[in-house]
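The structure file final.cif is reproduced below (mmCIF, C-alpha atoms).
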data_upload
loop_
_atom_site.label_atom_id
_atom_site.label_comp_id
_atom_site.auth_asym_id
_atom_site.auth_seq_id
_atom_site.Cartn_x
_atom_site.Cartn_y
_atom_site.Cartn_z
CA MET A 205 114.95 118.09 -55.48
CA GLY A 206 116.85 120.30 -53.11
CA VAL A 207 116.59 124.05 -53.34
CA SER A 208 120.24 124.09 -54.31
CA ALA A 209 118.98 123.16 -57.77
CA TYR A 210 117.61 126.67 -58.11
CA GLY A 211 119.05 127.21 -61.54
CA GLU A 212 117.80 123.96 -62.91
CA ARG A 213 114.66 122.67 -64.44
CA LEU A 214 112.56 119.96 -62.94
CA ALA A 215 111.97 116.74 -64.82
CA CYS A 216 108.73 118.24 -66.12
CA GLY A 217 110.64 121.16 -67.63
CA THR A 218 109.50 123.78 -65.14
CA ALA A 219 112.24 126.23 -64.08
CA VAL A 220 112.65 126.39 -60.31
CA ALA A 221 113.22 130.14 -60.58
CA ASP A 222 109.81 130.55 -62.19
CA LEU A 223 108.20 128.67 -59.33
CA LEU A 224 109.99 130.99 -56.92
CA ASP A 225 108.46 134.00 -58.66
CA HIS A 226 105.04 132.50 -58.00
CA VAL A 227 105.87 132.03 -54.33
CA ALA A 228 107.51 135.42 -53.83
CA ASP A 229 104.79 137.34 -55.66
CA ASP A 230 102.08 135.24 -54.06
CA ARG A 231 100.65 134.54 -57.49
CA PRO A 232 98.30 131.62 -58.13
CA VAL A 233 100.11 128.64 -59.59
CA GLU A 234 99.21 127.21 -62.96
CA ALA A 235 97.21 124.04 -63.44
CA HIS A 236 100.33 122.03 -64.23
CA HIS A 237 102.00 123.06 -60.97
CA ARG A 238 99.05 121.75 -59.02
CA ASP A 239 99.00 118.44 -60.84
CA CYS A 240 102.74 117.76 -61.09
CA VAL A 241 104.30 115.92 -58.16
CA ASP A 242 107.72 117.54 -58.68
CA CYS A 243 106.26 121.04 -58.91
CA ARG A 244 104.14 120.56 -55.82
CA ALA A 245 107.09 119.30 -53.79
CA THR A 246 109.32 122.12 -54.99
CA LEU A 247 106.69 124.73 -54.28
CA ALA A 248 106.36 123.40 -50.73
CA GLU A 249 110.11 123.72 -50.21
CA LEU A 250 110.22 127.21 -51.66
CA VAL A 251 107.36 128.38 -49.47
CA GLN A 252 109.26 127.11 -46.44
CA VAL A 253 112.51 128.79 -47.46
CA TRP A 254 110.83 132.07 -48.35
CA THR A 255 109.28 132.27 -44.89
CA ALA A 256 112.52 133.86 -43.71
CA VAL A 257 112.08 136.67 -46.23
CA HIS A 258 108.59 137.33 -44.89
CA ARG A 259 110.03 137.34 -41.37
CA LEU A 260 112.63 139.87 -42.37
CA ALA A 261 109.97 142.02 -44.04
CA GLY A 262 107.98 141.98 -40.81
CA GLU A 263 110.94 142.73 -38.58
CA PRO A 264 110.36 146.04 -36.77
CA VAL A 265 112.79 148.83 -37.61
CA ALA A 266 113.11 151.68 -35.14
CA VAL A 267 114.05 155.11 -36.42
CA PRO A 268 117.05 156.45 -34.45
CA PRO A 269 116.15 158.87 -31.67
CA GLY A 270 116.18 162.53 -32.61
CA PHE A 271 116.01 161.75 -36.32
CA THR A 272 113.48 164.43 -37.24
CA SER A 273 115.17 167.17 -35.26
CA LYS A 274 118.49 166.30 -36.89
CA VAL A 275 116.94 166.64 -40.34
CA ARG A 276 115.42 169.94 -39.36
CA ARG A 277 118.74 171.15 -37.99
CA ARG A 278 120.51 170.24 -41.19
CA ILE A 279 117.94 172.07 -43.26
CA ALA A 280 117.74 175.13 -41.03
CA ASN A 281 121.46 175.54 -40.57
CA PRO A 282 123.29 175.88 -43.88
CA LEU A 283 126.57 175.24 -42.08
CA ALA A 284 125.29 171.84 -41.07
CA ARG A 285 124.72 170.78 -44.67
CA GLY A 286 126.83 167.95 -45.89
CA VAL A 287 127.94 167.13 -42.38
CA ALA A 288 128.39 163.50 -43.25
CA ARG A 289 130.80 164.26 -46.05
CA PRO A 290 134.53 164.49 -45.57
CA ARG A 291 135.79 167.58 -43.81
CA ALA A 292 139.28 168.81 -43.46
CA TRP A 293 138.98 169.54 -39.78
CA VAL A 294 137.05 168.83 -36.62
CA PRO A 295 136.26 171.43 -33.94
CA LEU A 296 137.57 170.48 -30.51
CA PRO A 297 135.76 171.18 -27.23
CA ALA A 298 136.06 174.84 -26.25
CA THR A 299 138.33 175.71 -23.34
CA GLY A 300 137.90 179.47 -23.55
CA PRO A 301 137.45 182.22 -26.10
CA GLY A 302 138.32 181.10 -29.61
CA VAL A 303 137.98 177.82 -31.48
CA THR A 304 140.43 174.97 -31.86
CA HIS A 305 140.28 172.78 -34.95
CA LEU A 306 141.97 169.47 -35.50
CA ASP A 307 142.86 168.35 -39.01
CA VAL A 308 141.40 164.95 -39.90
CA THR A 309 144.82 163.83 -41.07
CA ALA A 310 146.05 164.22 -37.52
CA ILE A 311 143.07 162.26 -36.28
CA ALA A 312 143.81 159.53 -38.79
CA ARG A 313 147.35 159.31 -37.49
CA MET A 314 146.10 159.02 -33.91
CA VAL A 315 143.75 156.26 -35.01
CA GLU A 316 146.63 154.40 -36.62
CA LEU A 317 148.64 154.63 -33.42
CA ALA A 318 145.66 153.45 -31.41
CA VAL A 319 145.20 150.45 -33.70
CA ALA A 320 148.90 149.68 -33.43
CA SER A 321 148.54 149.49 -29.67
CA VAL A 322 146.14 146.54 -29.93
CA PRO A 323 148.16 143.30 -29.78
CA GLY A 324 148.16 141.29 -32.98
CA VAL A 325 146.02 143.72 -34.97
CA ALA A 326 147.41 145.60 -37.95
CA MET A 327 145.97 148.30 -40.17
CA GLY A 328 144.30 146.92 -43.27
CA SER A 329 146.44 147.05 -46.35
CA ALA A 330 143.92 149.22 -48.13
CA THR A 331 144.42 151.98 -45.60
CA ALA A 332 148.18 152.05 -45.39
CA ALA A 333 147.97 155.76 -46.07
CA GLY A 334 145.79 156.29 -43.04
CA ALA A 335 142.47 155.51 -41.48
CA ARG A 336 139.46 157.07 -43.09
CA VAL A 337 137.90 159.74 -40.89
CA ARG A 338 134.64 161.51 -41.51
CA VAL A 339 132.26 163.67 -39.56
CA GLY A 340 128.75 162.46 -39.15
CA PRO A 341 126.00 161.55 -39.08
CA ALA A 342 125.33 164.28 -36.53
CA PRO A 343 127.09 167.62 -37.02
CA ASP A 344 129.00 167.23 -33.79
CA ARG A 345 129.76 163.55 -34.12
CA LEU A 346 132.99 162.11 -35.35
CA THR A 347 132.85 158.82 -37.19
CA VAL A 348 136.05 156.93 -37.77
CA SER A 349 136.17 154.10 -40.29
CA VAL A 350 139.13 151.85 -39.81
CA GLU A 351 140.18 148.73 -41.68
CA ILE A 352 142.20 146.13 -39.86
CA GLN A 353 143.89 142.78 -40.31
CA VAL A 354 143.56 140.16 -37.59
CA PRO A 355 145.66 137.05 -36.95
CA TYR A 356 144.10 133.79 -38.04
CA GLY A 357 142.32 132.14 -35.12
CA ASP A 358 141.69 135.30 -33.14
CA ASP A 359 138.18 136.29 -32.12
CA LEU A 360 137.23 138.87 -34.76
CA ILE A 361 134.53 140.50 -32.70
CA ALA A 362 136.84 140.81 -29.70
CA ALA A 363 139.55 142.29 -31.93
CA ALA A 364 137.12 144.80 -33.42
CA HIS A 365 135.93 145.72 -29.94
CA ALA A 366 139.50 146.23 -28.73
CA VAL A 367 140.25 148.48 -31.72
CA ARG A 368 137.08 150.48 -31.18
CA LEU A 369 137.90 150.93 -27.52
CA ALA A 370 141.51 151.91 -28.19
CA VAL A 371 140.45 154.56 -30.72
CA ILE A 372 137.76 156.01 -28.48
CA VAL A 373 140.09 156.18 -25.50
CA GLN A 374 142.85 157.75 -27.58
CA LEU A 375 140.65 160.46 -29.08
CA LEU A 376 139.09 161.24 -25.72
CA ALA A 377 142.44 161.41 -23.93
CA VAL A 378 144.32 163.43 -26.51
CA ALA A 379 141.65 165.58 -28.15
CA GLY A 380 138.79 165.54 -25.67
CA LEU A 381 136.45 164.17 -28.35
CA GLU A 382 133.58 162.48 -26.55
CA ASP A 383 131.08 161.61 -29.25
CA VAL A 384 133.08 159.27 -31.41
CA SER A 385 131.74 156.35 -33.40
CA VAL A 386 134.17 153.78 -34.76
CA ASP A 387 133.26 151.53 -37.68
CA VAL A 388 135.64 148.60 -37.96
CA ALA A 389 136.03 146.49 -41.07
CA VAL A 390 138.16 143.38 -40.94
CA THR A 391 139.69 143.35 -44.40
CA GLY A 392 142.29 140.67 -43.91
CA ILE A 393 143.36 137.64 -41.91
CA VAL A 394 147.09 137.20 -41.35
CA GLU A 395 148.85 133.96 -40.44
CA MET B 15 96.30 167.27 -42.34
CA ASP B 16 96.04 166.40 -46.03
CA GLU B 17 99.44 165.40 -47.39
CA ALA B 18 99.13 167.32 -50.64
CA TRP B 19 98.45 170.44 -48.59
CA LEU B 20 101.52 169.80 -46.44
CA VAL B 21 103.59 169.44 -49.60
CA ARG B 22 102.29 172.75 -50.96
CA LEU B 23 103.10 174.49 -47.68
CA ALA B 24 106.57 172.97 -47.64
CA GLN B 25 107.14 174.05 -51.22
CA ARG B 26 106.53 177.62 -50.06
CA GLY B 27 109.25 177.18 -47.45
CA ASP B 28 107.16 176.13 -44.46
CA LEU B 29 109.64 174.05 -42.45
CA ASP B 30 106.98 172.96 -39.96
CA ALA B 31 104.96 171.45 -42.77
CA PHE B 32 108.04 169.66 -44.08
CA GLU B 33 108.77 168.37 -40.59
CA ALA B 34 105.28 166.87 -40.55
CA LEU B 35 106.11 165.12 -43.82
CA VAL B 36 109.36 163.85 -42.33
CA ARG B 37 107.47 162.44 -39.35
CA ARG B 38 105.06 160.66 -41.66
CA HIS B 39 107.70 159.09 -43.86
CA ARG B 40 110.83 158.76 -41.70
CA GLN B 41 110.06 155.13 -40.83
CA GLN B 42 109.75 154.15 -44.48
CA VAL B 43 112.80 156.10 -45.58
CA TYR B 44 115.07 154.89 -42.78
CA ARG B 45 113.87 151.31 -43.23
CA VAL B 46 114.73 151.32 -46.93
CA ALA B 47 118.13 152.85 -46.24
CA LEU B 48 118.87 150.29 -43.55
CA ARG B 49 117.80 147.37 -45.68
CA VAL B 50 119.69 148.50 -48.73
CA LEU B 51 122.85 149.62 -46.94
CA GLY B 52 122.84 147.12 -44.06
CA ASP B 53 124.55 149.54 -41.68
CA PRO B 54 122.50 151.53 -39.12
CA ILE B 55 124.86 154.51 -38.93
CA GLU B 56 125.19 154.90 -42.67
CA ALA B 57 121.46 154.30 -43.04
CA GLU B 58 120.65 157.16 -40.67
CA ASP B 59 122.99 159.40 -42.59
CA ALA B 60 121.49 158.35 -45.92
CA ALA B 61 117.94 158.80 -44.65
CA GLN B 62 118.73 162.29 -43.37
CA ASP B 63 120.41 163.07 -46.67
CA ALA B 64 117.31 161.95 -48.52
CA PHE B 65 115.09 164.37 -46.62
CA VAL B 66 117.55 167.24 -47.00
CA GLN B 67 117.70 166.56 -50.75
CA ALA B 68 113.92 166.34 -50.87
CA TRP B 69 113.62 169.71 -49.16
CA ARG B 70 115.94 171.28 -51.70
CA ALA B 71 114.18 169.61 -54.62
CA LEU B 72 110.64 170.32 -53.40
CA PRO B 73 110.14 173.31 -55.71
CA ARG B 74 110.57 170.92 -58.63
CA PHE B 75 108.26 168.26 -57.16
CA ARG B 76 105.11 168.38 -59.30
CA GLY B 77 103.07 165.93 -57.29
CA ASP B 78 102.59 163.44 -60.14
CA ALA B 79 103.33 160.69 -57.64
CA ALA B 80 102.60 160.61 -53.93
CA PHE B 81 105.22 162.20 -51.70
CA GLY B 82 106.00 158.79 -50.17
CA THR B 83 106.62 157.25 -53.60
CA TRP B 84 108.89 160.13 -54.47
CA MET B 85 110.81 159.60 -51.24
CA TYR B 86 111.36 155.96 -52.21
CA ARG B 87 113.06 157.25 -55.33
CA VAL B 88 115.18 159.81 -53.48
CA VAL B 89 116.40 157.50 -50.74
CA THR B 90 116.97 154.52 -53.01
CA ASN B 91 119.06 156.50 -55.46
CA GLY B 92 121.08 157.99 -52.60
CA CYS B 93 121.73 154.51 -51.22
CA LEU B 94 122.73 153.20 -54.64
CA ASN B 95 125.30 155.97 -54.96
CA ARG B 96 126.72 155.08 -51.57
CA LEU B 97 126.90 151.39 -52.42
CA ARG B 98 128.70 152.11 -55.66
CA ASP B 99 131.19 154.27 -53.82
CA ARG B 100 132.13 151.93 -51.06
CA ARG B 101 134.09 148.77 -50.92
CA ARG B 102 132.05 145.72 -50.16
CA THR B 103 132.38 144.65 -46.55
CA ASP B 104 130.15 142.37 -44.56
CA PRO B 105 129.11 143.52 -41.09
CA LEU B 106 129.92 140.95 -38.44
CA PRO B 107 126.83 139.32 -37.02
CA ASP B 108 127.25 140.73 -33.52
CA VAL B 109 123.55 140.21 -32.94
CA LEU B 110 123.97 136.45 -33.07
CA ARG B 111 126.17 136.55 -30.03
CA ALA B 112 123.23 137.60 -27.87
CA ALA B 113 121.06 134.66 -28.83
CA GLY B 114 121.61 132.72 -25.62
CA THR B 115 118.18 133.35 -24.14
CA ASP B 116 116.26 132.54 -27.29
CA THR B 117 113.91 129.65 -27.60
CA ALA B 118 115.00 127.16 -30.22
CA ASP B 119 112.39 128.40 -32.71
CA SER B 120 113.20 132.06 -32.34
CA ALA B 121 116.93 131.30 -32.49
CA ILE B 122 116.41 129.47 -35.77
CA ALA B 123 114.30 132.33 -37.07
CA ARG B 124 117.03 134.83 -36.17
CA VAL B 125 119.66 132.75 -37.88
CA GLN B 126 117.49 132.44 -40.97
CA ILE B 127 116.87 136.18 -41.05
CA ALA B 128 120.60 136.77 -40.65
CA ASP B 129 121.19 134.40 -43.57
CA VAL B 130 118.75 136.36 -45.71
CA LYS B 131 120.50 139.62 -44.79
CA ARG B 132 123.82 138.09 -45.71
CA ALA B 133 122.43 136.89 -49.01
CA VAL B 134 121.02 140.35 -49.73
CA ALA B 135 124.40 141.89 -48.93
CA ASN B 136 125.93 139.76 -51.69
CA LEU B 137 123.59 141.10 -54.36
CA THR B 138 124.75 143.83 -56.69
CA PRO B 139 123.59 147.29 -55.58
CA GLU B 140 121.06 147.41 -58.42
CA GLN B 141 119.62 143.99 -57.62
CA ARG B 142 119.56 144.78 -53.92
CA ALA B 143 117.62 148.01 -54.30
CA ALA B 144 115.01 146.44 -56.55
CA TRP B 145 114.65 143.38 -54.36
CA VAL B 146 114.27 145.38 -51.15
CA LEU B 147 111.58 147.60 -52.68
CA ARG B 148 109.67 144.58 -53.96
CA GLU B 149 110.13 141.95 -51.27
CA LEU B 150 110.49 143.96 -48.10
CA GLU B 151 108.61 147.16 -48.93
CA GLY B 152 105.92 145.56 -51.06
CA LEU B 153 106.05 148.03 -53.93
CA THR B 154 104.59 147.00 -57.26
CA TYR B 155 106.87 146.40 -60.21
CA GLU B 156 105.54 149.59 -61.77
CA GLN B 157 106.35 151.65 -58.67
CA ILE B 158 109.86 150.20 -58.57
CA ALA B 159 110.37 150.98 -62.25
CA ASP B 160 109.38 154.56 -61.50
CA ALA B 161 111.58 154.81 -58.40
CA LEU B 162 114.64 153.41 -60.14
CA ASP B 163 113.92 154.98 -63.51
CA LEU B 164 113.99 151.63 -65.26
CA SER B 165 111.77 149.79 -67.69
CA LEU B 166 109.31 147.31 -66.27
CA SER B 167 111.09 144.40 -67.91
CA ALA B 168 114.43 145.50 -66.46
CA VAL B 169 112.94 145.62 -62.97
CA LYS B 170 111.40 142.18 -63.34
CA ALA B 171 114.68 140.77 -64.62
CA ARG B 172 116.64 142.22 -61.69
CA ILE B 173 114.25 140.92 -59.09
CA HIS B 174 114.02 137.52 -60.78
CA ARG B 175 117.80 137.25 -60.73
CA ALA B 176 118.06 138.54 -57.16
CA ARG B 177 115.61 135.91 -55.98
CA GLN B 178 117.67 133.19 -57.60
CA GLU B 179 120.82 134.48 -55.90
CA ILE B 180 119.13 134.62 -52.52
CA LEU B 181 117.62 131.19 -52.90
CA HIS B 182 121.03 129.86 -53.82
CA GLU B 183 122.44 131.32 -50.58
CA LEU B 184 119.62 129.87 -48.51
CA ARG B 185 120.00 126.35 -49.88
CA GLY B 186 119.93 123.48 -47.46
CA TRP B 187 117.20 124.68 -45.15
CA ALA B 188 114.46 122.58 -46.63
#
Could you take the file, read its structure, and then write that structure out as structure tokens?
Amino acid sequence: MGVSAYGERLACGTAVADLLDHVADDRPVEAHHRDCVDCRATLAELVQVWTAVHRLAGEPVAVPPGFTSKVRRRIANPLARGVARPRAWVPLPATGPGVTHLDVTAIARMVELAVASVPGVAMGSATAAGARVRVGPAPDRLTVSVEIQVPYGDDLIAAAHAVRLAVIVQLLAVAGLEDVSVDVAVTGIVE
Amino acid sequence: MDEAWLVRLAQRGDLDAFEALVRRHRQQVYRVALRVLGDPIEAEDAAQDAFVQAWRALPRFRGDAAFGTWMYRVVTNGCLNRLRDRRRTDPLPDVLRAAGTDTADSAIARVQIADVKRAVANLTPEQRAAWVLRELEGLTYEQIADALDLSLSAVKARIHRARQEILHELRGWA
């Protein structure tokens, strides 16, 4: 039996999914499973496949630098609350007394123009009204989420990189925004 | 310092005590967010959100469960809300591009792990949360039922189904 038969029962009537529960939960198998040739073979396959899950579970995950201080800042500074949620404006770097704010709609428009400057790439249909722009996760960090369509056959990662670069360069050149993160989602392939 | 004592101090508004709790549990909270959401930036945001929400809700925390168990509940529910809000997109496996220096075994392992992540990304948000807590975090079914506010049988059914879906995605290895 191949593991593709996950939804099926073996000739002995045992459901493959039930055997998987034994493997995943590391539960002792029943007497029949030990005696049945089909069950034994299937269990061996499942153990092998599930090794990847154990590997993933053991994969180290590093907490981003400055995590704790960011949490503390968000708690201590009421103005910093909800920084990851949509805001109507973004403060620009100070050039003197007073504060300059840029509306996110204007940023979205700049992002659209930046995307349009990348050959072959078009804005995703779902965002015809504009790129989604949000502030976060840090209070002073701008995160732009943009959805694009890429011609069939093009290197998707290269296209995403070009879009990311174009947006970062545009926002730095026009608005002086230095800490910009750009999430790119390829939502369509065009012929 | 005893965790229950830190919680009591934090409940009285001691931010230093709460920071100590954050340091103790940030790894667990960020890891769950990353594994449920699959996106490091959103995971950091969600993990921070979870601690900010926990701080605000601390006065109502009665200590029936351990602080860490409670944080599982807070972060998982926050992630579920995010998953329900967003359109489903699959991150491109940029990491696979850097596999040139791997040995054959480690390259295979990385591909297999990437396949598991992809399979997890295809689960429903509810299946994904339950599966991550069980398979990757090692929580008991009872703890997951408590974290997700579900019956034990509902948790078992979700995980059972999630395992089938993942196995289906991983077919062909054996």
Problem set entry | Target residues per the PyMOL selection byres ((chain B and resi 27) around 12), formatted as number ranges by chain | A: 279-280; B: 20-26, 28-33, 69-73
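With distances restricted to only C-alpha atoms, B:Pro54 is the closest residue to chain A from B:Pro54, B:Gly92, B:Gly82, B:Gly77.
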Exercise. Which value, in Å to one decimal, gives the distance between atom CA of Gly52 of chain B and atom CA of Met85 of chain B?
Worked result: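 Result for atom CA of Gly52 of chain B versus atom CA of Met85 of chain B: 18.8 Å, one decimal.
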Exercise. With only C-alpha atoms as the atoms that count, which of A:Leu247, A:Val265, A:Leu317, A:Leu346 lies nearest to Ala370 of chain A?
Worked result: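 The closest residue to Ala370 of chain A is A:Leu317.
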Exercise. Residues at most 8 Å from segment 132-142 of chain B, counting only C-alpha atoms, excluding those fewer than 6 positions away in the same chain, as JSON, numbers by chain?
Worked result: {"B": [50, 52, 94, 97, 98, 104, 172, 173, 175, 176, 179, 180, 183, 184]}
Problem set entry | Test item: the PyMOL selection byres ((chain B and resi 171) around 12) resolved as a list in words | Ala221, Asp222 and Asp225 of chain A; Glu140, Gln141, Ala144, Trp145, Tyr155, Ala159, Leu164, Ser165, Leu166, Ser167, Ala168, Val169, Lys170, Arg172, Ile173, His174, Arg175, Ala176, Arg177 and Gln178 of chain B
Exercise. Taking the file as shown, what set of residues would the PyMOL selection byres ((chain A and resi 393) around 8) give back, as JSON, numbers by chain?
Worked result: {"A": [353, 354, 355, 356, 390, 391, 392, 394, 395]}
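Comparing B:Ile122, B:Asp78, B:Tyr86, B:Asp16 by their smallest distance to Val43 of chain B, the closest is B:Tyr86 (using all atoms listed in the file).
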For this session: Pick out the closest residue to Cys93 of chain B from this set: B:Leu48, B:Ala128, B:Ile55, B:Ala123. Count all atoms listed in the file.
Result: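 Ranking B:Leu48, B:Ala128, B:Ile55, B:Ala123 by distance to Cys93 of chain B, first place goes to B:Leu48.
The space between atom CA of Thr309 of chain A and atom CA of Ala389 of chain A spans 19.4 Å.
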For this session: Kindly give the distance, in Å, that separates atom CA of Val373 of chain A and atom CA of Phe271 of chain A, rounded to a single decimal.
Result: 27.0 Å
Quick one: axis-aligned box around all listed atoms of segment 263-271 of chain A, 8 Å on every side, centre and edge lengths in Å to one decimal, written as JSON.
{"center_x": 113.7, "center_y": 152.6, "center_z": -35.1, "size_x": 22.7, "size_y": 35.8, "size_z": 22.9}
Exercise. From the set A:Ala228, A:Val384, A:Leu376, A:Val275, which residue has the shortest atom-to-atom contact distance to Val66 of chain B, counting all atoms listed in the file?
Worked result: A:Val275
